[in-house]
$ cat entry.pdb   # PDB, C-alpha atoms
ATOM      1  CA  ILE A  28      13.511   9.747  31.454  1.00  0.00           C
ATOM      2  CA  THR A  29      12.248  11.013  28.087  1.00  0.00           C
ATOM      3  CA  ASP A  30      15.706  10.453  26.601  1.00  0.00           C
ATOM      4  CA  ALA A  31      15.615   6.857  27.786  1.00  0.00           C
ATOM      5  CA  LEU A  32      12.151   6.301  26.316  1.00  0.00           C
ATOM      6  CA  ALA A  33      13.248   7.882  23.047  1.00  0.00           C
ATOM      7  CA  SER A  34      16.215   5.531  23.014  1.00  0.00           C
ATOM      8  CA  ILE A  35      13.926   2.564  23.641  1.00  0.00           C
ATOM      9  CA  MET A  36      11.592   3.599  20.817  1.00  0.00           C
ATOM     10  CA  PHE A  37      14.526   4.151  18.453  1.00  0.00           C
ATOM     11  CA  THR A  38      15.889   0.689  19.258  1.00  0.00           C
ATOM     12  CA  MET A  39      12.477  -0.904  18.776  1.00  0.00           C
ATOM     13  CA  VAL A  40      11.966   0.749  15.407  1.00  0.00           C
ATOM     14  CA  PHE A  41      15.395   0.224  13.954  1.00  0.00           C
ATOM     15  CA  ASP A  42      16.280  -3.103  15.529  1.00  0.00           C
ATOM     16  CA  ASP A  43      13.136  -5.117  16.249  1.00  0.00           C
ATOM     17  CA  ILE A  44      10.986  -3.966  13.356  1.00  0.00           C
ATOM     18  CA  LEU A  45      13.798  -4.432  10.837  1.00  0.00           C
ATOM     19  CA  LYS A  46      14.431  -7.969  12.105  1.00  0.00           C
ATOM     20  CA  PHE A  47      10.703  -8.639  11.936  1.00  0.00           C
ATOM     21  CA  ALA A  48      10.557  -7.271   8.375  1.00  0.00           C
ATOM     22  CA  VAL A  49      13.294  -9.675   7.267  1.00  0.00           C
ATOM     23  CA  VAL A  50      11.558 -12.678   8.886  1.00  0.00           C
ATOM     24  CA  TYR A  51       8.179 -11.569   7.498  1.00  0.00           C
ATOM     25  CA  PHE A  52       9.614 -11.168   3.995  1.00  0.00           C
ATOM     26  CA  VAL A  53      11.271 -14.606   4.053  1.00  0.00           C
ATOM     27  CA  VAL A  54       8.111 -16.325   5.343  1.00  0.00           C
ATOM     28  CA  THR A  55       5.911 -14.529   2.812  1.00  0.00           C
ATOM     29  CA  LEU A  56       8.331 -15.359   0.016  1.00  0.00           C
ATOM     30  CA  GLY A  57       8.311 -19.035   1.031  1.00  0.00           C
ATOM     31  CA  PHE A  58       4.524 -19.229   1.051  1.00  0.00           C
ATOM     32  CA  THR A  59       4.403 -17.354  -2.265  1.00  0.00           C
ATOM     33  CA  PHE A  60       6.791 -19.839  -3.880  1.00  0.00           C
ATOM     34  CA  SER A  61       4.661 -22.708  -2.580  1.00  0.00           C
ATOM     35  CA  MET A  62       1.463 -21.154  -3.873  1.00  0.00           C
ATOM     36  CA  SER A  63       3.022 -20.354  -7.252  1.00  0.00           C
ATOM     37  CA  ILE A  64       4.221 -23.930  -7.687  1.00  0.00           C
ATOM     38  CA  LEU A  65       0.806 -25.325  -6.719  1.00  0.00           C
ATOM     39  CA  ILE A  66      -0.982 -22.980  -9.123  1.00  0.00           C
ATOM     40  CA  ASP A  67       1.335 -22.478 -12.096  1.00  0.00           C
ATOM     41  CA  TYR A  68       3.733 -25.410 -12.205  1.00  0.00           C
ATOM     42  CA  PRO A  69       4.162 -26.288 -15.895  1.00  0.00           C
ATOM     43  CA  VAL A  70       3.942 -29.866 -17.075  1.00  0.00           C
ATOM     44  CA  GLU A  71       6.740 -29.237 -19.562  1.00  0.00           C
ATOM     45  CA  LEU A  72       9.279 -26.468 -19.422  1.00  0.00           C
ATOM     46  CA  PRO A  73       8.559 -23.997 -22.241  1.00  0.00           C
ATOM     47  CA  ALA A  74      11.239 -23.190 -24.781  1.00  0.00           C
ATOM     48  CA  ASP A  75      10.260 -19.553 -25.092  1.00  0.00           C
ATOM     49  CA  SER A  76      10.016 -16.880 -22.413  1.00  0.00           C
ATOM     50  CA  THR A  77       6.253 -16.314 -22.649  1.00  0.00           C
ATOM     51  CA  ARG A  78       5.452 -18.868 -19.953  1.00  0.00           C
ATOM     52  CA  ALA A  79       8.168 -17.444 -17.709  1.00  0.00           C
ATOM     53  CA  GLY A  80       6.700 -13.953 -18.036  1.00  0.00           C
ATOM     54  CA  PHE A  81       3.247 -15.307 -17.269  1.00  0.00           C
ATOM     55  CA  MET A  82       4.553 -17.146 -14.190  1.00  0.00           C
ATOM     56  CA  TRP A  83       6.454 -14.044 -13.013  1.00  0.00           C
ATOM     57  CA  HIS A  84       3.286 -11.949 -13.285  1.00  0.00           C
ATOM     58  CA  HIS A  85       1.328 -14.518 -11.260  1.00  0.00           C
ATOM     59  CA  PHE A  86       4.149 -14.750  -8.711  1.00  0.00           C
ATOM     60  CA  CYS A  87       4.078 -10.962  -8.172  1.00  0.00           C
ATOM     61  CA  THR A  88       0.280 -10.978  -7.951  1.00  0.00           C
ATOM     62  CA  ASN A  89       0.420 -13.869  -5.485  1.00  0.00           C
ATOM     63  CA  PHE A  90       3.051 -12.085  -3.370  1.00  0.00           C
ATOM     64  CA  ASN A  91       0.838  -8.991  -3.272  1.00  0.00           C
ATOM     65  CA  ASP A  92      -2.141 -11.140  -2.238  1.00  0.00           C
ATOM     66  CA  MET A  93      -0.066 -12.756   0.508  1.00  0.00           C
ATOM     67  CA  ILE A  94       0.898  -9.349   1.899  1.00  0.00           C
ATOM     68  CA  TRP A  95      -2.779  -8.316   1.969  1.00  0.00           C
ATOM     69  CA  THR A  96      -3.789 -11.659   3.495  1.00  0.00           C
ATOM     70  CA  SER A  97      -1.333 -11.120   6.332  1.00  0.00           C
ATOM     71  CA  LEU A  98      -2.951  -7.725   6.915  1.00  0.00           C
ATOM     72  CA  ALA A  99      -6.329  -9.517   7.257  1.00  0.00           C
ATOM     73  CA  LYS A 100      -7.796  -8.419   3.934  1.00  0.00           C
ATOM     74  CA  LEU A 101      -9.507 -11.611   2.878  1.00  0.00           C
ATOM     75  CA  ASP A 102     -11.218 -10.721  -0.376  1.00  0.00           C
ATOM     76  CA  GLU A 103     -11.433 -12.475  -3.714  1.00  0.00           C
ATOM     77  CA  LYS A 104      -8.107 -13.852  -4.872  1.00  0.00           C
ATOM     78  CA  TRP A 105      -7.035 -14.343  -8.458  1.00  0.00           C
ATOM     79  CA  TYR A 106      -6.259 -18.040  -8.138  1.00  0.00           C
ATOM     80  CA  PRO A 107      -8.820 -20.793  -8.757  1.00  0.00           C
ATOM     81  CA  LYS A 108     -10.865 -21.836  -5.742  1.00  0.00           C
ATOM     82  CA  ASP A 109     -11.241 -25.482  -6.736  1.00  0.00           C
ATOM     83  CA  ASN A 110      -7.701 -26.349  -5.620  1.00  0.00           C
ATOM     84  CA  PHE A 111      -7.970 -27.474  -1.984  1.00  0.00           C
ATOM     85  CA  LEU A 112      -4.219 -27.281  -1.294  1.00  0.00           C
ATOM     86  CA  VAL A 113      -4.046 -23.670  -2.465  1.00  0.00           C
ATOM     87  CA  SER A 114      -6.973 -22.665  -0.254  1.00  0.00           C
ATOM     88  CA  LEU A 115      -5.488 -24.553   2.699  1.00  0.00           C
ATOM     89  CA  LEU A 116      -2.082 -22.940   2.192  1.00  0.00           C
ATOM     90  CA  ASP A 117      -3.703 -19.503   1.989  1.00  0.00           C
ATOM     91  CA  PHE A 118      -5.578 -20.165   5.240  1.00  0.00           C
ATOM     92  CA  VAL A 119      -2.451 -21.478   7.005  1.00  0.00           C
ATOM     93  CA  PHE A 120      -0.499 -18.420   5.892  1.00  0.00           C
ATOM     94  CA  GLY A 121      -3.251 -16.102   7.124  1.00  0.00           C
ATOM     95  CA  VAL A 122      -3.236 -17.726  10.558  1.00  0.00           C
ATOM     96  CA  PHE A 123       0.555 -17.909  10.643  1.00  0.00           C
ATOM     97  CA  ALA A 124       1.066 -14.290   9.639  1.00  0.00           C
ATOM     98  CA  CYS A 125      -1.687 -12.768  11.732  1.00  0.00           C
ATOM     99  CA  ILE A 126      -1.106 -14.693  14.936  1.00  0.00           C
ATOM    100  CA  LEU A 127       2.392 -16.109  15.098  1.00  0.00           C
ATOM    101  CA  LEU A 128       4.363 -13.398  13.328  1.00  0.00           C
ATOM    102  CA  LEU A 129       2.647 -10.556  15.174  1.00  0.00           C
ATOM    103  CA  ASN A 130       3.160 -12.421  18.444  1.00  0.00           C
ATOM    104  CA  PHE A 131       6.836 -12.722  17.490  1.00  0.00           C
ATOM    105  CA  LEU A 132       7.039  -8.951  16.933  1.00  0.00           C
ATOM    106  CA  ILE A 133       5.332  -8.215  20.251  1.00  0.00           C
ATOM    107  CA  ALA A 134       7.678 -10.587  22.088  1.00  0.00           C
ATOM    108  CA  MET A 135      10.738  -8.978  20.497  1.00  0.00           C
ATOM    109  CA  MET A 136       9.542  -5.501  21.449  1.00  0.00           C
ATOM    110  CA  ALA A 137       8.732  -6.597  25.002  1.00  0.00           C
ATOM    111  CA  ARG A 138      12.197  -8.116  25.383  1.00  0.00           C
ATOM    112  CA  THR A 139      13.825  -4.923  24.088  1.00  0.00           C
ATOM    113  CA  PHE A 140      11.710  -2.795  26.407  1.00  0.00           C
ATOM    114  CA  GLN A 141      12.607  -4.968  29.396  1.00  0.00           C
ATOM    115  CA  LEU A 142      16.341  -4.959  28.645  1.00  0.00           C
ATOM    116  CA  LEU A 143      16.501  -1.224  28.008  1.00  0.00           C
ATOM    117  CA  THR A 144      14.380  -0.225  30.994  1.00  0.00           C
ATOM    118  CA  GLU A 145      16.846  -2.074  33.200  1.00  0.00           C
ATOM    119  CA  ASP A 146      19.532   0.194  31.718  1.00  0.00           C
ATOM    120  CA  THR A 147      17.365   3.282  32.235  1.00  0.00           C
ATOM    121  CA  TRP A 148      18.566   3.515  35.811  1.00  0.00           C
ATOM    122  CA  LYS A 149      22.108   3.950  34.570  1.00  0.00           C
ATOM    123  CA  THR A 150      20.967   6.391  31.919  1.00  0.00           C
ATOM    124  CA  TRP A 151      19.360   8.925  34.235  1.00  0.00           C
ATOM    125  CA  ILE A 152      21.097   8.361  37.588  1.00  0.00           C
ATOM    126  CA  PHE A 153      24.512   9.648  36.492  1.00  0.00           C
ATOM    127  CA  PRO A 154      23.284  13.013  35.127  1.00  0.00           C
ATOM    128  CA  PHE A 155      21.074  13.352  38.216  1.00  0.00           C
ATOM    129  CA  ALA A 156      23.998  12.648  40.557  1.00  0.00           C
ATOM    130  CA  TYR A 157      26.161  15.089  38.607  1.00  0.00           C
ATOM    131  CA  ASN A 158      23.536  17.830  38.975  1.00  0.00           C
ATOM    132  CA  VAL A 159      23.168  17.125  42.717  1.00  0.00           C
ATOM    133  CA  LEU A 160      26.937  17.394  43.247  1.00  0.00           C
ATOM    134  CA  ARG A 161      27.119  20.545  41.129  1.00  0.00           C
ATOM    135  CA  TYR A 162      24.330  22.230  43.085  1.00  0.00           C
ATOM    136  CA  GLU A 163      25.941  21.196  46.397  1.00  0.00           C
ATOM    137  CA  THR A 164      29.192  22.854  45.370  1.00  0.00           C
ATOM    138  CA  MET A 165      27.333  25.966  44.217  1.00  0.00           C
ATOM    139  CA  LEU A 166      25.402  26.251  47.501  1.00  0.00           C
ATOM    140  CA  ALA A 167      28.353  25.445  49.789  1.00  0.00           C
ATOM    141  CA  PRO A 168      29.582  28.497  51.784  1.00  0.00           C
TER
END
$ encode --input "entry.pdb" --output "structure tokens"
Amino acid sequence: ITDALASIMFTMVFDDILKFAVVYFVVTLGFTFSMSILIDYPVELPADSTRAGFMWHHFCTNFNDMIWTSLAKLDEKWYPKDNFLVSLLDFVFGVFACILLLNFLIAMMARTFQLLTEDTWKTWIFPFAYNVLRYETMLAP
């Protein structure tokens, strides 16, 4: 049975958590793009690369803040607080990441556990039957 549970844990880690990481990254990236456009969208496109470097720095900072928001660290952010849409988007992302995405991960892991525990019978019954038959032949006169 321990081999079956190890197999279940391996599948959960390398299948479910990797799928969750991809979905989490895409959702976080989408919210980060939205926040960056709301905060740093230029009126005119600059001719030099200084504005692009500034926007890239704020994008990376915003992405880092989004990761920490999803982990329920709600401290002071670098963006201005007077923008209602930015605050609303940050709140929506916090709720979305903390509740919906974690619920998604739990549901995926529960589904994997259910599917693989149904196969556990097949995993341990054949070696058990083999050992029973082997011991019967060893004990037969």
$ residues_around --input "entry.pdb" --residues "Met93 in chain A" --least-positions-apart "5" --cutoff "9 Å" --atoms "only C-alpha atoms" --output "list in words"
Thr55, Leu56, Phe58, Thr59, Thr88, Leu98, Asp117, Phe120 and Gly121 of chain A
$ write_last_selection --input "entry.pdb" --atoms "C-alpha atoms" --output "tab-separated table (two decimals), in the coordinates of the input"
chain	number	residue	atom	x	y	z
A	55	THR	CA	5.91	-14.53	2.81
A	56	LEU	CA	8.33	-15.36	0.02
A	58	PHE	CA	4.52	-19.23	1.05
A	59	THR	CA	4.40	-17.35	-2.26
A	88	THR	CA	0.28	-10.98	-7.95
A	98	LEU	CA	-2.95	-7.72	6.92
A	117	ASP	CA	-3.70	-19.50	1.99
A	120	PHE	CA	-0.50	-18.42	5.89
A	121	GLY	CA	-3.25	-16.10	7.12
$ resolve_selection --input "entry.pdb" --expression "the PyMOL selection byres ((chain A and resi 143) around 10)" --output "PyMOL selection string"
chain A and resi 31-32+34-36+38+137-142+144-148+150
$ residues_near_point --input "entry.pdb" --point "(8.4, -14.9, -2.8)" --cutoff "12 Å" --atoms "only C-alpha atoms" --output "PyMOL selection string"
chain A and resi 51-64+83+85-94
$ axis_aligned_box --input "entry.pdb" --around "range 150-164 of chain A" --padding-each-side "3 Å" --output "AutoDock Vina command-line options"
--center_x 24.3 --center_y 14.6 --center_z 39.2 --size_x 15.8 --size_y 22.5 --size_z 20.5
$ atom_distance --input "entry.pdb" --atom1 "CA of Ala134 in chain A" --atom2 "CA of Phe118 in chain A"
23.5 Å
$ closest_residue --input "entry.pdb" --among "A:Tyr157, A:Met39, A:Met135, A:Thr96" --to "Leu116 in chain A" --atoms "all atoms listed in the file"
A:Thr96
$ atom_distance --input "entry.pdb" --atom1 "CA of Ile44 in chain A" --atom2 "CA of Leu132 in chain A"
7.3 Å
